[in-house]
$ cat structure_31.tsv   # TSV, C-alpha atoms and all ligand atoms
chain	number	residue	atom	x	y	z
A	1	MET	CA	69.32	-0.70	-14.15
A	2	THR	CA	70.34	-2.30	-17.46
A	3	ILE	CA	71.28	-0.18	-20.49
A	4	LYS	CA	68.10	-1.37	-22.20
A	5	ASN	CA	65.95	-0.27	-19.25
A	6	LEU	CA	67.72	3.07	-19.22
A	7	LEU	CA	67.20	3.64	-22.95
A	8	TYR	CA	63.50	2.88	-22.62
A	9	SER	CA	63.03	4.68	-19.29
A	10	HIS	CA	60.34	7.32	-19.06
A	11	PHE	CA	63.05	9.97	-18.64
A	12	ILE	CA	64.56	9.17	-22.03
A	13	GLU	CA	61.09	8.65	-23.54
A	14	SER	CA	59.97	12.07	-22.38
A	15	HIS	CA	63.17	14.06	-23.06
A	16	PHE	CA	64.67	12.23	-26.05
A	17	PRO	CA	61.75	10.26	-27.57
A	18	SER	CA	63.46	9.84	-30.94
A	19	LEU	CA	66.14	7.64	-29.41
A	20	PRO	CA	63.93	4.78	-28.11
A	21	ARG	CA	61.73	5.18	-31.18
A	22	LEU	CA	64.64	4.61	-33.56
A	23	LEU	CA	66.06	1.80	-31.44
A	24	GLY	CA	62.70	0.08	-31.15
A	25	LYS	CA	61.96	0.40	-34.84
A	26	TYR	CA	65.32	-0.80	-36.10
A	27	ASN	CA	66.73	-3.08	-33.39
A	28	SER	CA	65.80	-5.95	-35.69
A	29	LEU	CA	68.93	-5.04	-37.68
A	30	LEU	CA	70.86	-6.38	-34.71
A	31	GLU	CA	68.64	-9.49	-34.74
A	32	ASP	CA	69.58	-9.95	-38.40
A	33	PHE	CA	73.24	-9.73	-37.58
A	34	ILE	CA	72.93	-12.21	-34.70
A	35	GLY	CA	70.84	-14.41	-36.99
A	36	LEU	CA	73.76	-14.77	-39.40
A	37	PHE	CA	75.58	-16.77	-36.76
A	38	ALA	CA	72.63	-18.45	-35.04
A	39	PHE	CA	72.11	-22.18	-34.76
A	40	PRO	CA	69.65	-24.10	-32.64
A	41	SER	CA	71.11	-23.61	-29.20
A	42	ARG	CA	69.31	-26.44	-27.44
A	43	ASP	CA	68.06	-29.56	-29.14
A	44	LYS	CA	65.93	-30.54	-26.19
A	45	PRO	CA	63.67	-27.73	-24.98
A	46	GLU	CA	63.01	-27.68	-21.26
A	47	LEU	CA	60.01	-26.62	-19.28
A	48	ASP	CA	61.31	-23.54	-17.52
A	49	CYS	CA	58.65	-20.99	-18.37
A	50	LEU	CA	54.86	-21.30	-18.27
A	51	ASN	CA	52.10	-18.92	-19.19
A	52	ILE	CA	48.48	-19.77	-18.52
A	53	SER	CA	46.04	-17.85	-20.74
A	54	VAL	CA	42.86	-17.97	-18.69
A	55	THR	CA	40.88	-16.46	-21.55
A	56	ASN	CA	41.16	-15.38	-25.18
A	57	THR	CA	38.41	-12.78	-24.71
A	58	CYS	CA	39.06	-9.08	-24.56
A	59	ASN	CA	36.86	-6.14	-23.65
A	60	ALA	CA	38.89	-3.62	-25.67
A	61	ASN	CA	39.66	-3.21	-29.34
A	62	CYS	CA	43.06	-1.55	-29.50
A	63	ILE	CA	44.09	-0.13	-32.86
A	64	PHE	CA	47.56	-1.76	-32.55
A	65	CYS	CA	46.30	-5.23	-31.63
A	66	ALA	CA	45.20	-8.25	-33.69
A	67	ASN	CA	42.38	-9.08	-31.27
A	68	ARG	CA	39.82	-8.09	-33.90
A	69	TYR	CA	41.24	-10.65	-36.35
A	70	LEU	CA	41.12	-13.67	-34.02
A	71	LYS	CA	38.66	-16.18	-35.48
A	72	ASP	CA	38.77	-18.68	-32.59
A	73	LYS	CA	35.82	-19.28	-30.32
A	74	ARG	CA	36.18	-16.98	-27.29
A	75	GLU	CA	36.57	-19.05	-24.14
A	76	ILE	CA	37.33	-18.92	-20.42
A	77	MET	CA	39.51	-21.61	-18.85
A	78	SER	CA	37.69	-23.78	-16.32
A	79	PHE	CA	39.05	-23.91	-12.79
A	80	ASP	CA	39.59	-27.68	-13.12
A	81	LEU	CA	41.80	-27.21	-16.16
A	82	PHE	CA	43.70	-24.39	-14.46
A	83	LYS	CA	44.31	-26.61	-11.42
A	84	LYS	CA	45.40	-29.58	-13.53
A	85	THR	CA	47.81	-27.37	-15.49
A	86	LEU	CA	49.39	-25.90	-12.39
A	87	ASP	CA	49.54	-29.20	-10.48
A	88	GLU	CA	51.22	-31.01	-13.36
A	89	TYR	CA	53.60	-28.12	-13.96
A	90	LEU	CA	54.70	-28.20	-10.30
A	91	GLU	CA	55.03	-32.00	-10.37
A	92	LEU	CA	57.44	-31.56	-13.28
A	93	GLY	CA	59.54	-29.21	-11.15
A	94	GLY	CA	58.36	-25.98	-12.78
A	95	LYS	CA	59.37	-22.64	-11.29
A	96	LYS	CA	57.05	-21.15	-8.67
A	97	GLU	CA	56.46	-18.20	-10.92
A	98	ILE	CA	54.16	-18.08	-13.92
A	99	GLY	CA	52.64	-15.59	-16.35
A	100	LEU	CA	48.90	-15.04	-16.70
A	101	THR	CA	48.85	-12.65	-19.65
A	102	PRO	CA	46.59	-13.94	-22.41
A	103	THR	CA	48.00	-13.80	-25.96
A	104	LEU	CA	44.79	-11.93	-26.77
A	105	GLY	CA	42.40	-11.10	-23.96
A	106	ASP	CA	42.27	-9.71	-20.46
A	107	VAL	CA	42.57	-11.74	-17.24
A	108	PHE	CA	39.70	-9.90	-15.55
A	109	VAL	CA	37.22	-10.93	-18.22
A	110	ASP	CA	37.50	-14.34	-16.53
A	111	PRO	CA	34.78	-14.38	-13.82
A	112	GLY	CA	36.74	-17.12	-12.01
A	113	ILE	CA	40.05	-15.26	-11.83
A	114	ASP	CA	39.84	-14.67	-8.05
A	115	LYS	CA	39.53	-18.41	-7.37
A	116	LYS	CA	42.51	-19.04	-9.64
A	117	LEU	CA	44.57	-16.41	-7.79
A	118	ASP	CA	43.60	-18.13	-4.51
A	119	TYR	CA	44.81	-21.44	-5.88
A	120	LEU	CA	48.15	-19.95	-6.94
A	121	LYS	CA	48.54	-18.57	-3.43
A	122	SER	CA	47.71	-21.92	-1.84
A	123	LYS	CA	50.56	-23.43	-3.90
A	124	GLU	CA	52.89	-20.49	-3.14
A	125	VAL	CA	53.18	-19.77	-6.86
A	126	HIS	CA	53.83	-16.15	-7.83
A	127	CYS	CA	52.56	-14.56	-11.00
A	128	SER	CA	52.62	-11.46	-13.15
A	129	PHE	CA	50.39	-10.23	-15.94
A	130	TYR	CA	49.26	-7.36	-18.13
A	131	THR	CA	45.74	-5.98	-17.81
A	132	ASN	CA	43.86	-3.15	-19.45
A	133	ALA	CA	42.27	-2.52	-16.00
A	134	LEU	CA	38.81	-2.07	-17.48
A	135	ARG	CA	37.52	-4.70	-15.02
A	136	LEU	CA	40.13	-4.32	-12.30
A	137	ASP	CA	37.64	-2.77	-9.91
A	138	GLY	CA	36.16	-5.54	-7.77
A	139	HIS	CA	39.45	-7.47	-7.73
A	140	ILE	CA	41.62	-4.93	-5.93
A	141	ASP	CA	41.46	-6.52	-2.46
A	142	LYS	CA	42.08	-9.95	-3.96
A	143	ILE	CA	45.20	-8.73	-5.73
A	144	ILE	CA	46.55	-7.08	-2.61
A	145	GLU	CA	46.32	-10.36	-0.67
A	146	SER	CA	47.48	-12.53	-3.60
A	147	THR	CA	50.86	-13.73	-4.81
A	148	VAL	CA	50.81	-11.30	-7.74
A	149	ASP	CA	54.36	-9.97	-7.97
A	150	HIS	CA	54.07	-7.57	-10.87
A	151	ILE	CA	51.03	-6.09	-12.57
A	152	PHE	CA	51.43	-4.16	-15.81
A	153	ILE	CA	48.49	-1.86	-16.44
A	154	ASP	CA	48.29	-0.87	-20.07
A	155	LEU	CA	46.40	2.22	-21.20
A	156	ALA	CA	46.86	4.78	-23.94
A	157	ASP	CA	46.65	8.13	-22.23
A	158	LEU	CA	45.32	10.08	-19.26
A	159	ASP	CA	43.28	12.19	-21.68
A	160	THR	CA	40.01	10.36	-22.25
A	161	LYS	CA	39.76	11.50	-25.87
A	162	TYR	CA	43.01	9.76	-26.87
A	163	ASP	CA	42.61	6.83	-24.49
A	164	SER	CA	39.20	5.84	-25.84
A	165	LEU	CA	40.35	6.26	-29.44
A	166	VAL	CA	43.42	4.00	-29.13
A	167	TYR	CA	41.68	1.33	-27.01
A	168	GLY	CA	38.40	1.33	-28.94
A	169	ILE	CA	36.42	1.91	-25.76
A	170	SER	CA	33.80	4.44	-24.70
A	171	LYS	CA	34.79	7.66	-22.96
A	172	GLU	CA	32.86	6.47	-19.89
A	173	ALA	CA	34.93	3.28	-19.77
A	174	SER	CA	38.13	5.28	-20.10
A	175	ILE	CA	37.14	7.63	-17.24
A	176	LYS	CA	36.17	4.69	-15.04
A	177	ARG	CA	39.45	2.87	-15.61
A	178	LYS	CA	41.45	5.95	-14.61
A	179	GLN	CA	39.42	6.11	-11.39
A	180	THR	CA	40.02	2.38	-10.84
A	181	ILE	CA	43.77	2.71	-11.42
A	182	LEU	CA	43.90	5.53	-8.88
A	183	LYS	CA	41.91	3.46	-6.38
A	184	PHE	CA	44.26	0.54	-6.91
A	185	LEU	CA	47.37	2.66	-6.39
A	186	GLU	CA	45.86	4.16	-3.23
A	187	LYS	CA	45.33	0.64	-1.89
A	188	VAL	CA	48.81	-0.57	-2.87
A	189	SER	CA	50.26	2.49	-1.15
A	190	SER	CA	48.17	2.41	2.03
A	191	GLU	CA	48.60	-1.37	2.48
A	192	LYS	CA	52.31	-1.14	1.61
A	193	ALA	CA	51.62	-4.10	-0.67
A	194	ASN	CA	54.64	-5.88	-2.04
A	195	ILE	CA	53.43	-5.60	-5.64
A	196	LYS	CA	55.33	-3.94	-8.44
A	197	VAL	CA	53.01	-1.83	-10.57
A	198	THR	CA	53.91	-0.52	-14.02
A	199	LEU	CA	51.72	1.81	-16.05
A	200	SER	CA	52.49	0.87	-19.64
A	201	PHE	CA	51.29	3.64	-21.89
A	202	ARG	CA	50.48	2.94	-25.54
A	203	PRO	CA	50.03	6.60	-26.47
A	204	MET	CA	49.40	8.52	-29.64
A	205	ARG	CA	50.60	11.71	-27.93
A	206	LYS	CA	54.18	12.44	-26.99
A	207	PRO	CA	55.20	11.04	-23.58
A	208	TYR	CA	56.08	14.45	-22.15
A	209	GLU	CA	52.52	15.66	-22.80
A	210	ILE	CA	51.16	12.77	-20.75
A	211	ILE	CA	53.68	13.34	-17.97
A	212	ASN	CA	52.74	17.03	-17.87
A	213	ASP	CA	49.09	16.05	-17.49
A	214	MET	CA	49.98	13.47	-14.86
A	215	LYS	CA	51.67	16.14	-12.74
A	216	LYS	CA	48.26	17.78	-12.31
A	217	THR	CA	46.73	14.60	-10.88
A	218	PRO	CA	47.18	12.54	-7.67
A	219	LEU	CA	48.91	9.92	-9.83
A	220	TRP	CA	52.05	12.02	-9.78
A	221	GLY	CA	52.27	11.82	-6.00
A	222	TYR	CA	52.13	8.04	-6.15
A	223	TYR	CA	54.75	8.03	-8.86
A	224	LYS	CA	57.08	10.20	-6.76
A	225	LYS	CA	56.53	7.88	-3.79
A	226	GLY	CA	57.59	4.93	-5.94
A	227	VAL	CA	54.20	3.19	-5.85
A	228	PHE	CA	54.45	2.61	-9.60
A	229	ASP	CA	56.80	3.08	-12.49
A	230	MET	CA	55.86	3.73	-16.08
A	231	ASN	CA	56.92	3.21	-19.65
A	232	PHE	CA	55.77	4.38	-23.06
A	233	LEU	CA	55.49	2.24	-26.16
A	234	GLN	CA	56.08	4.01	-29.44
A	235	VAL	CA	56.99	1.06	-31.64
A	236	TYR	CA	54.51	-1.77	-32.29
A	237	ASP	CA	54.53	-5.26	-33.72
A	238	ASN	CA	52.94	-6.13	-37.00
A	239	TRP	CA	51.29	-9.36	-35.77
A	240	GLY	CA	52.60	-11.21	-38.82
A	241	GLY	CA	51.41	-8.45	-41.16
A	242	MET	CA	47.87	-8.09	-39.77
A	243	ILE	CA	48.65	-4.69	-38.23
A	244	LYS	CA	49.63	-2.01	-40.71
A	245	GLU	CA	51.20	1.42	-40.28
A	246	SER	CA	47.83	2.89	-41.32
A	247	ASP	CA	46.18	1.30	-38.23
A	248	LEU	CA	48.36	3.38	-35.91
A	249	LYS	CA	47.92	6.94	-34.75
A	250	GLY	CA	50.09	9.89	-33.68
A	251	ILE	CA	53.58	8.88	-32.56
A	252	GLN	CA	52.91	5.16	-33.00
A	253	THR	CA	54.94	3.32	-35.62
A	254	LEU	CA	55.62	-0.27	-36.67
A	255	LYS	CA	58.78	-2.17	-35.95
A	256	ARG	CA	60.87	-3.34	-38.90
A	257	PRO	CA	60.49	-7.15	-38.98
A	258	PRO	CA	63.78	-9.08	-38.84
A	259	LYS	CA	64.76	-10.48	-42.24
A	260	ILE	CA	67.07	-13.25	-41.05
A	261	LYS	CA	65.58	-15.89	-38.78
A	262	ARG	CA	67.99	-18.77	-38.69
A	263	GLY	CA	67.91	-19.69	-35.03
A	264	PRO	CA	64.66	-20.60	-33.29
A	265	CYS	CA	62.75	-17.72	-31.74
A	266	ASN	CA	63.15	-17.31	-27.99
A	267	ALA	CA	59.35	-17.48	-27.59
A	268	LEU	CA	59.36	-21.11	-28.77
A	269	TYR	CA	60.87	-22.07	-25.41
A	270	THR	CA	57.83	-20.81	-23.51
A	271	LEU	CA	54.70	-22.91	-23.10
A	272	SER	CA	51.40	-21.14	-23.17
A	273	VAL	CA	48.31	-23.07	-22.10
A	274	GLN	CA	45.20	-21.85	-23.86
A	275	PRO	CA	41.69	-21.73	-22.31
A	276	ASN	CA	40.66	-24.87	-24.24
A	277	GLY	CA	43.65	-26.84	-22.93
A	278	ASP	CA	45.85	-26.48	-26.01
A	279	VAL	CA	49.52	-26.29	-25.08
A	280	ARG	CA	51.07	-23.87	-27.53
A	281	LEU	CA	54.62	-22.67	-27.96
A	282	CYS	CA	54.87	-18.86	-27.86
A	283	GLY	CA	52.30	-16.97	-25.85
A	284	CYS	CA	53.20	-13.79	-27.70
A	285	ARG	CA	51.80	-13.70	-31.22
A	286	CYS	CA	49.43	-15.51	-33.60
A	287	LEU	CA	47.84	-15.19	-37.03
A	288	ASN	CA	44.02	-15.23	-36.94
A	289	THR	CA	44.07	-18.33	-34.73
A	290	LEU	CA	45.83	-19.84	-31.75
A	291	LYS	CA	45.03	-23.35	-33.03
A	292	ASP	CA	48.01	-23.49	-35.35
A	293	GLU	CA	51.21	-25.41	-35.95
A	294	LEU	CA	52.65	-24.19	-32.62
A	295	VAL	CA	50.15	-26.31	-30.66
A	296	ILE	CA	52.01	-29.38	-29.37
A	297	GLY	CA	49.19	-31.08	-27.45
A	298	ASN	CA	46.04	-30.64	-25.40
A	299	LEU	CA	45.77	-31.09	-21.65
A	300	ASN	CA	42.27	-32.57	-21.93
A	301	LYS	CA	43.78	-35.50	-23.83
A	302	SER	CA	47.31	-35.85	-22.44
A	303	SER	CA	49.31	-34.97	-19.37
A	304	LEU	CA	51.73	-32.05	-19.40
A	305	LYS	CA	54.56	-34.54	-18.96
A	306	GLU	CA	53.54	-36.42	-22.12
A	307	ILE	CA	53.17	-33.20	-24.09
A	308	VAL	CA	56.49	-31.77	-22.96
A	309	SER	CA	58.35	-34.95	-23.83
A	310	SER	CA	56.62	-35.43	-27.18
A	311	ARG	CA	58.74	-35.09	-30.31
A	312	LYS	CA	56.63	-32.24	-31.66
A	313	TRP	CA	58.25	-29.51	-29.57
A	314	LYS	CA	61.73	-30.74	-30.38
A	315	LYS	CA	60.87	-30.94	-34.08
A	316	ILE	CA	59.58	-27.34	-34.29
A	317	ILE	CA	62.81	-26.09	-32.70
A	318	ARG	CA	65.00	-28.31	-34.85
A	319	ASP	CA	63.23	-27.50	-38.15
A	320	PHE	CA	62.94	-23.77	-37.53
A	321	ARG	CA	65.94	-22.85	-39.63
A	322	TYR	CA	64.69	-24.51	-42.83
A	323	SER	CA	60.97	-24.70	-42.25
A	324	PRO	CA	59.80	-22.05	-39.76
A	325	PRO	CA	56.16	-22.10	-38.69
A	326	ARG	CA	54.03	-19.89	-40.96
A	327	VAL	CA	53.07	-17.69	-38.01
A	328	CYS	CA	56.76	-16.79	-37.56
A	329	ASP	CA	57.40	-15.89	-41.22
A	330	ASN	CA	56.70	-12.18	-41.03
A	331	CYS	CA	56.51	-11.75	-37.26
A	332	SER	CA	58.36	-8.66	-36.05
A	333	PHE	CA	58.35	-9.97	-32.46
A	334	TYR	CA	60.99	-12.59	-33.34
A	335	ARG	CA	63.98	-12.67	-30.98
A	336	ALA	CA	66.83	-15.08	-31.67
A	337	LYS	CA	67.50	-17.56	-28.88
A	401	LIG	S1	46.16	-5.03	-26.67
A	401	LIG	FE1	45.32	-6.18	-24.94
A	401	LIG	S2	43.66	-4.87	-24.23
A	401	LIG	FE2	44.09	-4.21	-26.30
A	401	LIG	S3	42.68	-5.39	-27.63
A	401	LIG	FE3	44.66	-6.47	-27.51
A	401	LIG	S4	44.37	-7.98	-25.90
A	401	LIG	FE4	42.79	-6.41	-25.64
A	402	LIG	S1	58.55	-15.37	-34.36
A	402	LIG	FE1	56.71	-14.44	-33.48
A	402	LIG	S2	55.11	-16.01	-33.65
A	402	LIG	FE2	57.09	-17.03	-33.96
A	402	LIG	S3	57.63	-17.79	-31.94
A	402	LIG	FE3	58.58	-15.78	-32.17
A	402	LIG	S4	57.13	-14.30	-31.28
A	402	LIG	FE4	56.04	-16.24	-31.62
$ encode --input "structure_31.tsv" --output "structure tokens"
Amino acid sequence: MTIKNLLYSHFIESHFPSLPRLLGKYNSLLEDFIGLFAFPSRDKPELDCLNISVTNTCNANCIFCANRYLKDKREIMSFDLFKKTLDEYLELGGKKEIGLTPTLGDVFVDPGIDKKLDYLKSKEVHCSFYTNALRLDGHIDKIIESTVDHIFIDLADLDTKYDSLVYGISKEASIKRKQTILKFLEKVSSEKANIKVTLSFRPMRKPYEIINDMKKTPLWGYYKKGVFDMNFLQVYDNWGGMIKESDLKGIQTLKRPPKIKRGPCNALYTLSVQPNGDVRLCGCRCLNTLKDELVIGNLNKSSLKEIVSSRKWKKIIRDFRYSPPRVCDNCSFYRAK
């Protein structure tokens, strides 16, 4: 276990919550210090990390998320585009491991996700993703037999009142997702599935209160058996200023954005393919739109090889120090390369 994992472990979160809270809120001071000495580390970015956003549509409305500000048309990636993306990525020698987490959206809103998981399996490509689990039911068997390595299930709380408030969902939806999560864990456990499961809480209550509640449910038994691990997020990103402290509730707080951004952000070395075929640097954050200056091409017009070798990617990395993309200006998710 790394020191970072230890500091953000559920043990520390539940017994010494102020420590990860302070670290999470102010670790950008370290970024600032590193930034003083940062220079572009690689002039020629390489394709070593791919995320395919199968949709930009979400079925929740979390208070800490910029989903409600996205102005783009909501879309689902076609299977043909998904196949083309993966095939061309593998032809270029890409790793047999990709991410499927949408920048904004949930994978299970995509009615064709099972077919896409089948295709990944046929190519022996492994994947991981976050999901709010609101539509996980109906896909459980598919996941068990898939090449999903790690599934992060994000929710706010085990108490329906807080869960529905933070996720902007009905109490019925919150109750159903808890039942679905339990059903999923039962299946992972009984099938001895080789899938890592993490419950990522985005709570407004203190972590120990949630853990105390969990001990009264069958979830605790699965936790003790090692079927899943968990973490708690107290510190949130500002999404370039769209999310304000006043949006958050309870223990939630905003991270201090780094002030010095001299070296290119680490996220600029990741390609994220959007449902409309746009190939965008950074699958992490956006401002109102994903059709911005980080888009370096579109797979409906060019091949991945052409897009990757175009000068646009190189230019964004090279110019970052003096002319960073507008979306990066006030982004608190910045991490120096
Ligand atoms: S955080 Fe995830 S689940 Fe919540 S609104 Fe944003 S995209 Fe949807
Ligand atoms: S600073 Fe923010 S928006 Fe810019 S690349 Fe990094 S994570 Fe993405």
$ atom_distance --input "structure_31.tsv" --atom1 "CA of Asp247 in chain A" --atom2 "CA of Tyr130 in chain A"
22.1 Å
$ axis_aligned_box --input "structure_31.tsv" --around "ligand LIG 401 (chain A)" --padding-each-side "4 Å" --output "JSON"
{"center_x": 44.4, "center_y": -6.1, "center_z": -25.9, "size_x": 11.5, "size_y": 11.8, "size_z": 11.4}
$ residues_near_ligand --input "structure_31.tsv" --ligand "ligand LIG 402 (chain A)" --cutoff "12 Å" --atoms "all atoms listed in the file" --output "mmCIF file with C-alpha atoms, in the coordinates of the input"
data_model
loop_
_atom_site.group_PDB
_atom_site.id
_atom_site.type_symbol
_atom_site.label_atom_id
_atom_site.label_comp_id
_atom_site.auth_asym_id
_atom_site.auth_seq_id
_atom_site.Cartn_x
_atom_site.Cartn_y
_atom_site.Cartn_z
ATOM 1 C CA SER A 28 65.800 -5.950 -35.690
ATOM 2 C CA GLU A 31 68.640 -9.490 -34.740
ATOM 3 C CA THR A 103 48.000 -13.800 -25.960
ATOM 4 C CA ASP A 237 54.530 -5.260 -33.720
ATOM 5 C CA ASN A 238 52.940 -6.130 -37.000
ATOM 6 C CA TRP A 239 51.290 -9.360 -35.770
ATOM 7 C CA GLY A 240 52.600 -11.210 -38.820
ATOM 8 C CA GLY A 241 51.410 -8.450 -41.160
ATOM 9 C CA PRO A 257 60.490 -7.150 -38.980
ATOM 10 C CA PRO A 258 63.780 -9.080 -38.840
ATOM 11 C CA LYS A 259 64.760 -10.480 -42.240
ATOM 12 C CA ILE A 260 67.070 -13.250 -41.050
ATOM 13 C CA LYS A 261 65.580 -15.890 -38.780
ATOM 14 C CA ARG A 262 67.990 -18.770 -38.690
ATOM 15 C CA GLY A 263 67.910 -19.690 -35.030
ATOM 16 C CA PRO A 264 64.660 -20.600 -33.290
ATOM 17 C CA CYS A 265 62.750 -17.720 -31.740
ATOM 18 C CA ASN A 266 63.150 -17.310 -27.990
ATOM 19 C CA ALA A 267 59.350 -17.480 -27.590
ATOM 20 C CA LEU A 268 59.360 -21.110 -28.770
ATOM 21 C CA TYR A 269 60.870 -22.070 -25.410
ATOM 22 C CA THR A 270 57.830 -20.810 -23.510
ATOM 23 C CA LEU A 271 54.700 -22.910 -23.100
ATOM 24 C CA SER A 272 51.400 -21.140 -23.170
ATOM 25 C CA ARG A 280 51.070 -23.870 -27.530
ATOM 26 C CA LEU A 281 54.620 -22.670 -27.960
ATOM 27 C CA CYS A 282 54.870 -18.860 -27.860
ATOM 28 C CA GLY A 283 52.300 -16.970 -25.850
ATOM 29 C CA CYS A 284 53.200 -13.790 -27.700
ATOM 30 C CA ARG A 285 51.800 -13.700 -31.220
ATOM 31 C CA CYS A 286 49.430 -15.510 -33.600
ATOM 32 C CA LEU A 287 47.840 -15.190 -37.030
ATOM 33 C CA ASN A 288 44.020 -15.230 -36.940
ATOM 34 C CA THR A 289 44.070 -18.330 -34.730
ATOM 35 C CA LEU A 290 45.830 -19.840 -31.750
ATOM 36 C CA ASP A 292 48.010 -23.490 -35.350
ATOM 37 C CA GLU A 293 51.210 -25.410 -35.950
ATOM 38 C CA LEU A 294 52.650 -24.190 -32.620
ATOM 39 C CA VAL A 295 50.150 -26.310 -30.660
ATOM 40 C CA TRP A 313 58.250 -29.510 -29.570
ATOM 41 C CA ILE A 316 59.580 -27.340 -34.290
ATOM 42 C CA ILE A 317 62.810 -26.090 -32.700
ATOM 43 C CA PHE A 320 62.940 -23.770 -37.530
ATOM 44 C CA ARG A 321 65.940 -22.850 -39.630
ATOM 45 C CA SER A 323 60.970 -24.700 -42.250
ATOM 46 C CA PRO A 324 59.800 -22.050 -39.760
ATOM 47 C CA PRO A 325 56.160 -22.100 -38.690
ATOM 48 C CA ARG A 326 54.030 -19.890 -40.960
ATOM 49 C CA VAL A 327 53.070 -17.690 -38.010
ATOM 50 C CA CYS A 328 56.760 -16.790 -37.560
ATOM 51 C CA ASP A 329 57.400 -15.890 -41.220
ATOM 52 C CA ASN A 330 56.700 -12.180 -41.030
ATOM 53 C CA CYS A 331 56.510 -11.750 -37.260
ATOM 54 C CA SER A 332 58.360 -8.660 -36.050
ATOM 55 C CA PHE A 333 58.350 -9.970 -32.460
ATOM 56 C CA TYR A 334 60.990 -12.590 -33.340
ATOM 57 C CA ARG A 335 63.980 -12.670 -30.980
ATOM 58 C CA ALA A 336 66.830 -15.080 -31.670
ATOM 59 C CA LYS A 337 67.500 -17.560 -28.880
#
$ residues_around --input "structure_31.tsv" --residues "Lys206 in chain A" --least-positions-apart "6" --cutoff "8 Å" --atoms "all atoms listed in the file" --output "MDAnalysis selection string"
chainID A and resid 14 17 251
$ residues_near_ligand --input "structure_31.tsv" --ligand "ligand LIG 401 (chain A)" --cutoff "8 Å" --atoms "only C-alpha atoms and all ligand atoms" --output "compact mmCIF listing (two decimals) with C-alpha atoms, keeping the file's coordinate frame"
# COMPACT_ATOMS: atom_id res chain seq x y z
CA THR A 57 38.41 -12.78 -24.71
CA CYS A 58 39.06 -9.08 -24.56
CA ASN A 59 36.86 -6.14 -23.65
CA ALA A 60 38.89 -3.62 -25.67
CA ASN A 61 39.66 -3.21 -29.34
CA CYS A 62 43.06 -1.55 -29.50
CA ILE A 63 44.09 -0.13 -32.86
CA PHE A 64 47.56 -1.76 -32.55
CA CYS A 65 46.30 -5.23 -31.63
CA ALA A 66 45.20 -8.25 -33.69
CA ASN A 67 42.38 -9.08 -31.27
CA ARG A 68 39.82 -8.09 -33.90
CA PRO A 102 46.59 -13.94 -22.41
CA THR A 103 48.00 -13.80 -25.96
CA LEU A 104 44.79 -11.93 -26.77
CA GLY A 105 42.40 -11.10 -23.96
CA ASP A 106 42.27 -9.71 -20.46
CA TYR A 130 49.26 -7.36 -18.13
CA THR A 131 45.74 -5.98 -17.81
CA ASN A 132 43.86 -3.15 -19.45
CA ASP A 154 48.29 -0.87 -20.07
CA TYR A 167 41.68 1.33 -27.01
$ closest_residue --input "structure_31.tsv" --among "A:Lys83, A:Leu22, A:Cys127, A:Tyr119" --to "Ile98 in chain A" --atoms "only C-alpha atoms"
A:Cys127
$ closest_residue --input "structure_31.tsv" --among "A:Gln252, A:Asn231, A:Ser122, A:Asn298" --to "Val197 in chain A" --atoms "all atoms listed in the file"
A:Asn231
$ closest_residue --input "structure_31.tsv" --among "A:Lys215, A:Lys255, A:Lys225, A:His15" --to "Ser190 in chain A" --atoms "all atoms listed in the file"
A:Lys225
$ residues_near_point --input "structure_31.tsv" --point "(40.2, -12.9, -14.0)" --cutoff "12 Å" --atoms "all atoms listed in the file" --output "ChimeraX atom specification"
/A:52-58,76-79,100-102,105-118,129-140,142-143
$ write_last_selection --input "structure_31.tsv" --atoms "C-alpha atoms" --output "short mmCIF file (atom, residue, chain, number, x, y, z; two decimals), in the frame of the given file"
data_model
loop_
_atom_site.label_atom_id
_atom_site.label_comp_id
_atom_site.auth_asym_id
_atom_site.auth_seq_id
_atom_site.Cartn_x
_atom_site.Cartn_y
_atom_site.Cartn_z
CA ILE A 52 48.48 -19.77 -18.52
CA SER A 53 46.04 -17.85 -20.74
CA VAL A 54 42.86 -17.97 -18.69
CA THR A 55 40.88 -16.46 -21.55
CA ASN A 56 41.16 -15.38 -25.18
CA THR A 57 38.41 -12.78 -24.71
CA CYS A 58 39.06 -9.08 -24.56
CA ILE A 76 37.33 -18.92 -20.42
CA MET A 77 39.51 -21.61 -18.85
CA SER A 78 37.69 -23.78 -16.32
CA PHE A 79 39.05 -23.91 -12.79
CA LEU A 100 48.90 -15.04 -16.70
CA THR A 101 48.85 -12.65 -19.65
CA PRO A 102 46.59 -13.94 -22.41
CA GLY A 105 42.40 -11.10 -23.96
CA ASP A 106 42.27 -9.71 -20.46
CA VAL A 107 42.57 -11.74 -17.24
CA PHE A 108 39.70 -9.90 -15.55
CA VAL A 109 37.22 -10.93 -18.22
CA ASP A 110 37.50 -14.34 -16.53
CA PRO A 111 34.78 -14.38 -13.82
CA GLY A 112 36.74 -17.12 -12.01
CA ILE A 113 40.05 -15.26 -11.83
CA ASP A 114 39.84 -14.67 -8.05
CA LYS A 115 39.53 -18.41 -7.37
CA LYS A 116 42.51 -19.04 -9.64
CA LEU A 117 44.57 -16.41 -7.79
CA ASP A 118 43.60 -18.13 -4.51
CA PHE A 129 50.39 -10.23 -15.94
CA TYR A 130 49.26 -7.36 -18.13
CA THR A 131 45.74 -5.98 -17.81
CA ASN A 132 43.86 -3.15 -19.45
CA ALA A 133 42.27 -2.52 -16.00
CA LEU A 134 38.81 -2.07 -17.48
CA ARG A 135 37.52 -4.70 -15.02
CA LEU A 136 40.13 -4.32 -12.30
CA ASP A 137 37.64 -2.77 -9.91
CA GLY A 138 36.16 -5.54 -7.77
CA HIS A 139 39.45 -7.47 -7.73
CA ILE A 140 41.62 -4.93 -5.93
CA LYS A 142 42.08 -9.95 -3.96
CA ILE A 143 45.20 -8.73 -5.73
#
